[in-house]
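As structure tokens, the structure follows; a few thoughts come after it.
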Amino acid sequence: MDRLHELVSSRLGPDPALERAREEVEEGRMEPSERTRRRLTDSLEDTAERDEEFATTLKRLVEQLQDTHAAEEDVPVGTDHVDFRHGTFGGPVLGKGVQHNHYGEVPHA
């Protein structure tokens with residue numbers, strides 16, 4: 001999940017939709033507002049349409065998380081559900097996934 005967060009944060013940067021999602025986490029919301037979810041999904045889709053490498057990496061990481069999640073809980077995956085819990089953000093297209101937000105610089109491998 002950390003790799004997905006790093007990818008999205010590094011690519012979207014100060015995107016207003018991503019910033020709003022972070023604000024909603026800090027406000028203690030369990031789920032983002034419909035508008036924030038829609039805007040964040042649009043930002044990710046727009047970026048993926050313009051950057052094939054990002055799209056490929058995003059798809060691979062999401063599939064890995066879906067496989068792991070399905071194996072752990074045997075639940076359907078592939079929805080556009082976003083789940084906020086305890087300061088975490090579950091990114092779009094994950095079935096109740098949890099994404100840990102780590103603010104600051106993205107480590108480079």
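Going through the structure tokens in order, the chains are called A, B, and so on, while each chain numbers its residues from 1 and the ligands are numbered from 1 in the order shown.
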Original post:
Could you pull the residues within 10 Å of Arg20 of chain A, counting only C-alpha atoms, minus those fewer than 6 positions along the same chain, as an NGL selection string?
Top reply: :A and (14 or 26 or 32-33 or 35-37 or 39-40)
Subject >> For atom CA of His5 of chain A and atom CA of Ala48 of chain A, the interatomic separation in Å (one decimal) >> reply: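 These atoms are spaced 15.0 Å apart.
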